[in-house]
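The next block holds one structure in the form of structure tokens; read it before the comments.
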Amino acid sequence: MNALPPQALLLAAAVFAAGGQVLFKQGSTGLTAFAAALNLPILAGLLLYALGTILWIAGLSRTTLSYAYPFTALTFVLVLLAAIVLFNERPSLTELLGVAIVLGGLGLMTLGHSGQ
């Protein structure tokens with residue numbers, strides 16, 4: 001992981017976090033809190049979160065917190081896309097506009113900062 005730039009690590013962390021959310025949704029349908037502890041999708045989601053945390057820490061070790069933290073906003077975008085594709089959810093126009101603003105802000109932040 002030492003050869004990877006911080007942006008790649010932070011992006012991967014966001015992907016794993018979003019994947020964890022998708023698995024949580026998949027596994028949570030009709031479950032009680034106690035049954036969730038033995039549910040395979042939920043356990044897999046926890047594993048993705050753990051892997052994402054490791055990648056997040058690796059990314060933080062290579063850049064500033066103020067640069068890294070906005071990458072967490074990517075999880076909103078990725079979860080929305082997954083909800084559309086996997087769960088047939090239909091976002092409103094304002095939700096799509098919000099995602100566009102998040103991506104635009106992240107793009108501006110990335111262009112305007114050296115990452116160190």
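Residues in the structure tokens are numbered from 1 in each chain, the chains being A, B, ... in the order shown, and ligands are numbered from 1 in the order shown.
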
Exercise. Fewer than 5 positions away in the same chain doesn't count, so skip those; otherwise give me all residues within 12 Å of Leu86 in chain A, counting only C-alpha atoms, as a list in words.
Key: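 The filter keeps Gly19, Val22, Leu23, Lys25, Gln26, Leu78, Val79, Leu80 and Leu81 of chain A.
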
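For Ala36 in chain A, the non-local neighbours within 12 Å, defined as residues at least 6 positions apart in the same chain or in other chains and counting only C-alpha atoms, are Leu23, Phe24, Lys25, Gln26, Gly27, Ser28, Thr29, Gly30, Ile42, Leu43, Ala44, Gly45 and Leu46 of chain A.
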
Practice problem: With a distance cut-off of 6 Å and only C-alpha atoms, select the neighbouring residues of Leu48 in chain A, excluding the residue or stretch itself and same-chain residues fewer than 4 positions from it, and output the selection as a list in words. | Solution: Phe16, Gly20 and Gly52 of chain A

Please write the residues from the selection above to a file, keeping N, CA, C and O atoms, as an mmCIF file, in the first residue's frame.
```
data_model
loop_
_atom_site.group_PDB
_atom_site.id
_atom_site.type_symbol
_atom_site.label_atom_id
_atom_site.label_comp_id
_atom_site.auth_asym_id
_atom_site.auth_seq_id
_atom_site.Cartn_x
_atom_site.Cartn_y
_atom_site.Cartn_z
ATOM 1 N N PHE A 16 -15.427 0.863 0.001
ATOM 2 C CA PHE A 16 -15.696 -0.170 0.992
ATOM 3 C C PHE A 16 -16.802 0.258 1.963
ATOM 4 O O PHE A 16 -17.662 -0.556 2.323
ATOM 5 N N GLY A 20 -20.355 -1.580 2.396
ATOM 6 C CA GLY A 20 -20.864 -2.009 3.694
ATOM 7 C C GLY A 20 -22.296 -1.561 3.899
ATOM 8 O O GLY A 20 -23.141 -2.326 4.381
ATOM 9 N N GLY A 52 -12.320 -0.895 4.952
ATOM 10 C CA GLY A 52 -12.354 0.527 4.624
ATOM 11 C C GLY A 52 -11.649 1.370 5.675
ATOM 12 O O GLY A 52 -10.964 2.341 5.347
#
```

Quiz item: Which polymer residues have any atom within 7 Å of an atom of Gly59 in chain A, counting only C-alpha atoms, with same-chain residues fewer than 5 positions away left out, as a list in words?
Solution: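 After dropping sequence-adjacent residues, the list is Pro6, Leu9 and Leu10 of chain A.
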
Quiz item: Can you tell me, as a PyMOL selection string, what residues are no more than 9 Å from Tyr69 in chain A when counting only C-alpha atoms, ignoring any on the same chain fewer than 4 positions away?
Solution: chain A and resi 10+60+64-65+73

Selected residues written out with N, CA, C and O atoms, as a CSV table (one decimal), in the first residue's frame:
```csv
chain,number,residue,atom,x,y,z
A,10,LEU,N,-8.1,6.7,-0.2
A,10,LEU,CA,-9.3,7.4,0.3
A,10,LEU,C,-10.5,7.0,-0.5
A,10,LEU,O,-11.6,6.8,0.0
A,60,LEU,N,-4.9,8.5,5.6
A,60,LEU,CA,-4.7,9.6,6.5
A,60,LEU,C,-3.2,9.7,6.8
A,60,LEU,O,-2.7,10.8,7.1
A,64,THR,N,-3.2,15.3,4.8
A,64,THR,CA,-3.8,16.0,5.9
A,64,THR,C,-5.2,15.6,6.1
A,64,THR,O,-5.9,15.2,5.2
A,65,LEU,N,-5.7,15.8,7.3
A,65,LEU,CA,-7.1,15.4,7.6
A,65,LEU,C,-8.1,16.3,6.9
A,65,LEU,O,-9.1,15.9,6.3
A,73,ALA,N,-17.5,12.1,1.7
A,73,ALA,CA,-18.8,12.5,0.9
A,73,ALA,C,-19.0,11.5,-0.3
A,73,ALA,O,-20.1,11.4,-0.7
```

Quiz item: Residues of chain A in alpha helix (DSSP H) according to DSSP, as JSON, numbers by chain?
Solution: {"A": [6, 7, 8, 9, 10, 11, 12, 13, 14, 15, 16, 17, 18, 19, 20, 21, 22, 23, 24, 25, 26, 27, 28, 33, 34, 35, 36, 40, 41, 42, 43, 44, 45, 46, 47, 48, 49, 50, 51, 52, 53, 54, 55, 56, 57, 58, 59, 60, 65, 66, 67, 68, 74, 75, 76, 77, 78, 79, 80, 81, 82, 83, 84, 85, 86, 87, 93, 94, 95, 96, 97, 98, 99, 100, 101, 102, 103, 104, 105, 106, 107, 108, 109, 110, 111]}

Gly107 in chain A environment, 12 Å, only C-alpha atoms, sequence neighbours closer than 3 positions dropped, as a short mmCIF file (atom, residue, chain, number, x, y, z; two decimals) with N, CA and C atoms, in the first residue's frame:
```
data_model
loop_
_atom_site.label_atom_id
_atom_site.label_comp_id
_atom_site.auth_asym_id
_atom_site.auth_seq_id
_atom_site.Cartn_x
_atom_site.Cartn_y
_atom_site.Cartn_z
N GLN A 7 -5.06 9.62 -2.51
CA GLN A 7 -6.37 9.69 -3.16
C GLN A 7 -6.91 8.29 -3.47
N TYR A 67 -7.73 17.56 3.99
CA TYR A 67 -7.80 17.11 2.61
C TYR A 67 -8.55 15.79 2.51
N PRO A 70 -13.13 15.26 3.22
CA PRO A 70 -14.18 15.39 2.21
C PRO A 70 -14.38 14.15 1.34
N PHE A 71 -13.39 13.26 1.29
CA PHE A 71 -13.57 12.02 0.52
C PHE A 71 -14.68 11.15 1.10
N ALA A 73 -17.52 12.08 1.65
CA ALA A 73 -18.75 12.45 0.95
C ALA A 73 -19.00 11.54 -0.25
N LEU A 74 -17.96 10.90 -0.74
CA LEU A 74 -18.16 9.97 -1.86
C LEU A 74 -19.07 8.81 -1.49
N ALA A 100 -24.55 16.06 -7.37
CA ALA A 100 -23.72 16.83 -8.31
C ALA A 100 -22.92 17.91 -7.57
N ILE A 101 -23.53 18.55 -6.61
CA ILE A 101 -22.84 19.58 -5.82
C ILE A 101 -21.73 18.95 -4.99
N VAL A 102 -22.00 17.80 -4.37
CA VAL A 102 -20.97 17.10 -3.60
C VAL A 102 -19.78 16.75 -4.48
N LEU A 103 -20.05 16.20 -5.66
CA LEU A 103 -18.96 15.84 -6.57
C LEU A 103 -18.19 17.07 -7.04
N GLY A 104 -18.91 18.14 -7.33
CA GLY A 104 -18.25 19.37 -7.73
C GLY A 104 -17.37 19.93 -6.63
N THR A 110 -10.04 18.80 -4.44
CA THR A 110 -8.91 17.99 -4.90
C THR A 110 -7.97 18.80 -5.79
N LEU A 111 -8.53 19.61 -6.65
CA LEU A 111 -7.69 20.43 -7.56
C LEU A 111 -6.94 21.51 -6.81
N GLY A 112 -7.55 22.03 -5.75
CA GLY A 112 -6.96 23.16 -5.06
C GLY A 112 -6.03 22.82 -3.92
N HIS A 113 -5.70 21.54 -3.74
CA HIS A 113 -4.88 21.14 -2.60
C HIS A 113 -3.83 20.14 -3.04
#
```

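Take the candidates A:Leu31, A:Leu55, A:Leu40, A:Leu93 and check each one against Leu11 in chain A using only C-alpha atoms; the shortest distance goes to A:Leu55.
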